[in-house]
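Written out below as structure tokens is the structure these notes cover.
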Amino acid sequence: MKNLGFGMMRLPVLSGPTDFDYEQINRMVDAFLDAGYTYFDTSFVYHEGKSEEATRKVLVERHPRDSFTVATKFPTFMMIPEEKIEEIFQSQLDNLGVEYIDYYLLHNIQNVYYDGYDGKGGIVKTTHLFEHAKKWKEDGKIRHLGISFHSSAKLLDRVLTEHPEIEFVQIALNPIDWDSELVQAALCYDVIRKHGRKVIIMEAVKGGGLAKLPAEAETILKSVHPDWSIASWSVRFCLEKEDVIAVLSGMSTIDQVLDNVKTSDEAKALTEEEHEALARAMKIYRESAPIRQSEIDAYKDILYHGVPVTAILQAYSICQIQPDPGFSDDNNYLKNAFAEAEHVDFSKGLEKQTVLTKDGKDITEMVEKAVSWLTEHSF
């Protein structure tokens, strides 16, 4: 279970997102490597496009190439024309200062970018992105090819069937996203394993949202393990999963590195008692959101433009209790749900549709408010 990964998306900074606190990051990287961990994850876009360069300075230029593995991602969502794809990839090699990338991902595969809103083919297909990536692997410039994924298990099943060259899939997975109607972590995890591919877990602590819980929930967890940090419960939940290359944590302080390393070093599969405590804590967490899960459950089997109302309200509500609501992973999913259900681009507005509960209550305003907020914060 020694597969903790270092996410280079929330690095400590001094005055702004690109003014890196290199002294602290160096200590963090060294502590991580000294503990026997090797996987570092970055991207072309993290920290306003400067994370790859920071990774070069703190890792590549300071440690032997065979002492670490580095992962980065092609920015699918930037809608880059095909004639610029090779240039972008070469710039990533240059940014990182490496001749090859250990784990290379096509970043953010989803309905909109894979199929397009009309279902006939999005940017991934029209720019032949998979073909370019396969050539990079043949040339030895990448060692392993994968995707990061933000959409339905149904689409993932089709993508993995159509692209046997995909070796691994990075998905959001944590105790809340596990049974989320839109994120579908459990369903996606099962699809990946069904196809015999490996898993990389991101959002293990849901962007820090699971590092602090309502007092009642924390009391439950502390009564079982007083010495465990609250965040470590979610990390342990992820570490026990099988066929996982790395469980990523976007670490911002040396204390977070040390806590995650300690957690990973001692991690074992959670016991029945521990799973029960975690489930109770997550139920309290969901009930602390603006629209409680117990209320949302009353709206089952109601659709809004082909998407379950329960999924819409759950995603909206859980975002509101995240440290940065506008950057919660849930924001990635709703546009794909509408595209998959009705080939609708929700950013252009949706036709008016009244939403009534089984007993005739009109909840249209509540649903429209949730959709409007998720539209505004989609990325």
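Naming scheme: A, B, ... for chains in displayed order of the structure tokens; residues 1 onward per chain; ligands 1 onward as shown.
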
Can I get the residues of region 112-226 of chain A within 8 Å of region 239-247 of chain A, each with the closest pair of atoms and their distance in Å to one decimal, using only C-alpha atoms, sorted chain first then ascending number, as a Markdown table?
| residue | atom | partner | partner_atom | distance |
| --- | --- | --- | --- | --- |
| A:Arg193 | CA | A:Asp243 | CA | 7.4 |
| A:Arg197 | CA | A:Asp243 | CA | 7.9 |
| A:Lys198 | CA | A:Asp243 | CA | 5.3 |
| A:Val199 | CA | A:Val244 | CA | 4.6 |
| A:Ile200 | CA | A:Ala246 | CA | 5.1 |
| A:Ile201 | CA | A:Val247 | CA | 4.7 |
| A:Met202 | CA | A:Val247 | CA | 6.4 |
| A:Ala204 | CA | A:Val247 | CA | 6.9 |

Keeping only C-alpha atoms, write those residues as a short mmCIF file (atom, residue, chain, number, x, y, z; two decimals), in the first residue's frame.
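Output contents, as saved in again_36.cif:
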data_model
loop_
_atom_site.label_atom_id
_atom_site.label_comp_id
_atom_site.auth_asym_id
_atom_site.auth_seq_id
_atom_site.Cartn_x
_atom_site.Cartn_y
_atom_site.Cartn_z
CA ARG A 193 -10.84 -2.88 -13.13
CA ARG A 197 -6.46 -1.25 -16.37
CA LYS A 198 -4.77 0.43 -13.42
CA VAL A 199 -6.15 3.28 -11.31
CA ILE A 200 -4.73 6.58 -10.11
CA ILE A 201 -6.78 8.30 -7.44
CA MET A 202 -7.09 12.09 -7.29
CA ALA A 204 -8.39 11.75 -2.09
#

List the spatial neighbours of Ile284 (chain A) as a short mmCIF file (atom, residue, chain, number, x, y, z; two decimals) with C-alpha atoms, in the first residue's frame - criterion: any atom at most 10 Å away, only C-alpha atoms, same-chain residues fewer than 2 positions off excluded.
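And here is the file that came out, selection_39.cif:
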data_model
loop_
_atom_site.label_atom_id
_atom_site.label_comp_id
_atom_site.auth_asym_id
_atom_site.auth_seq_id
_atom_site.Cartn_x
_atom_site.Cartn_y
_atom_site.Cartn_z
CA LEU A 213 -15.73 17.78 9.25
CA PRO A 214 -18.65 18.87 11.42
CA ALA A 215 -17.83 18.47 15.11
CA GLU A 216 -20.24 15.54 15.52
CA ALA A 217 -18.59 13.68 12.65
CA GLU A 218 -15.08 14.33 13.94
CA LEU A 278 -16.46 6.61 8.37
CA ALA A 279 -19.89 5.99 6.82
CA ARG A 280 -21.61 7.64 9.81
CA ALA A 281 -19.26 10.63 9.58
CA MET A 282 -19.93 11.03 5.85
CA ARG A 286 -23.81 15.38 3.70
CA GLU A 287 -26.50 16.50 6.15
CA SER A 288 -24.43 19.61 6.93
CA ALA A 289 -24.74 20.84 3.34
CA ARG A 292 -29.46 17.94 3.12
CA GLN A 293 -29.12 14.50 1.53
#

Practice item. Find the residues around Tyr100 (chain A) up to 12 Å (only C-alpha atoms counted), leave out those fewer than 5 positions away in its own chain, and share them as a PyMOL selection string. Key: chain A and resi 60+65-66+69-72+89-90+92-95+136-145

Please produce a file of those selected residues containing N, CA and C atoms, as a tab-separated table (two decimals), in the first residue's frame.
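Wrote it out as result-v5.tsv, contents follow:
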chain	number	residue	atom	x	y	z
A	60	VAL	N	13.55	17.45	-10.53
A	60	VAL	CA	14.40	16.94	-11.61
A	60	VAL	C	15.84	17.44	-11.50
A	65	ARG	N	17.49	10.95	-11.93
A	65	ARG	CA	16.28	10.66	-12.72
A	65	ARG	C	15.67	9.31	-12.35
A	66	ASP	N	16.47	8.37	-11.91
A	66	ASP	CA	15.91	7.05	-11.59
A	66	ASP	C	15.37	6.97	-10.15
A	69	THR	N	9.37	9.07	-10.28
A	69	THR	CA	8.55	8.99	-11.48
A	69	THR	C	7.72	10.26	-11.55
A	70	VAL	N	7.56	10.78	-12.75
A	70	VAL	CA	6.83	12.03	-12.92
A	70	VAL	C	5.68	11.82	-13.90
A	71	ALA	N	4.55	12.41	-13.56
A	71	ALA	CA	3.37	12.36	-14.42
A	71	ALA	C	2.96	13.78	-14.77
A	72	THR	N	2.56	13.97	-16.02
A	72	THR	CA	1.95	15.24	-16.40
A	72	THR	C	0.88	14.98	-17.44
A	89	PHE	N	3.48	19.42	-26.51
A	89	PHE	CA	4.11	18.27	-25.86
A	89	PHE	C	5.62	18.51	-25.66
A	90	GLN	N	6.28	19.04	-26.67
A	90	GLN	CA	7.71	19.31	-26.54
A	90	GLN	C	7.97	20.33	-25.45
A	92	GLN	N	6.34	20.64	-22.77
A	92	GLN	CA	6.22	19.95	-21.49
A	92	GLN	C	7.50	19.21	-21.13
A	93	LEU	N	8.11	18.56	-22.11
A	93	LEU	CA	9.41	17.92	-21.87
A	93	LEU	C	10.44	18.97	-21.45
A	94	ASP	N	10.43	20.12	-22.12
A	94	ASP	CA	11.37	21.19	-21.80
A	94	ASP	C	11.09	21.77	-20.41
A	95	ASN	N	9.80	22.00	-20.12
A	95	ASN	CA	9.44	22.54	-18.80
A	95	ASN	C	9.95	21.64	-17.68
A	136	TRP	N	4.15	9.18	-29.39
A	136	TRP	CA	5.11	9.59	-28.37
A	136	TRP	C	5.59	8.39	-27.56
A	137	LYS	N	4.69	7.47	-27.31
A	137	LYS	CA	5.09	6.27	-26.56
A	137	LYS	C	6.00	5.40	-27.41
A	138	GLU	N	5.67	5.24	-28.69
A	138	GLU	CA	6.52	4.45	-29.59
A	138	GLU	C	7.91	5.04	-29.68
A	139	ASP	N	8.01	6.36	-29.60
A	139	ASP	CA	9.31	7.05	-29.69
A	139	ASP	C	10.05	7.07	-28.36
A	140	GLY	N	9.45	6.51	-27.30
A	140	GLY	CA	10.11	6.46	-25.99
A	140	GLY	C	10.03	7.75	-25.21
A	141	LYS	N	9.18	8.68	-25.63
A	141	LYS	CA	9.07	9.95	-24.92
A	141	LYS	C	8.10	9.88	-23.74
A	142	ILE	N	7.25	8.88	-23.76
A	142	ILE	CA	6.43	8.58	-22.58
A	142	ILE	C	6.50	7.08	-22.34
A	143	ARG	N	6.45	6.70	-21.07
A	143	ARG	CA	6.55	5.29	-20.72
A	143	ARG	C	5.17	4.63	-20.59
A	144	HIS	N	4.22	5.36	-20.02
A	144	HIS	CA	2.88	4.80	-19.81
A	144	HIS	C	1.85	5.85	-20.20
A	145	LEU	N	0.81	5.42	-20.92
A	145	LEU	CA	-0.22	6.34	-21.42
A	145	LEU	C	-1.54	6.11	-20.69

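You can rank A:Gly349, A:Gly360, A:Gly49, A:Gly208 by their closest distance to Ser91 (chain A) using only C-alpha atoms, and at the top of that list sits A:Gly49.
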
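Using only C-alpha atoms, the smallest distance between any of A:Ile220, A:Gln256, A:Glu162, A:Leu182 and His195 (chain A) comes from A:Glu162.
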
Wanna dump the region 99-197 of chain A-region 311-320 of chain A contacts at 10 Å for me, each residue with its shortest atom pair and the distance in Å to one decimal, counting only C-alpha atoms, ordered by chain and number, as CSV?
residue,atom,partner,partner_atom,distance
A:Ile176,CA,A:Ile318,CA,9.0
A:Asp177,CA,A:Ala315,CA,9.8
A:Ser180,CA,A:Ala311,CA,7.7
A:Glu181,CA,A:Ala311,CA,5.1
A:Leu182,CA,A:Ala311,CA,5.8
A:Val183,CA,A:Ala315,CA,8.6

Go ahead and save the residues from that selection, with C-alpha atoms, as a PDB file, in the first residue's frame.
ATOM      1  CA  ILE A 176     -17.975  11.278  -0.544  1.00  0.00           C
ATOM      2  CA  ASP A 177     -17.417  10.863  -4.283  1.00  0.00           C
ATOM      3  CA  SER A 180     -21.869  10.508  -5.711  1.00  0.00           C
ATOM      4  CA  GLU A 181     -24.491  10.406  -8.463  1.00  0.00           C
ATOM      5  CA  LEU A 182     -22.443  12.565 -10.827  1.00  0.00           C
ATOM      6  CA  VAL A 183     -18.841  11.696  -9.914  1.00  0.00           C
TER       7      VAL A 183
END
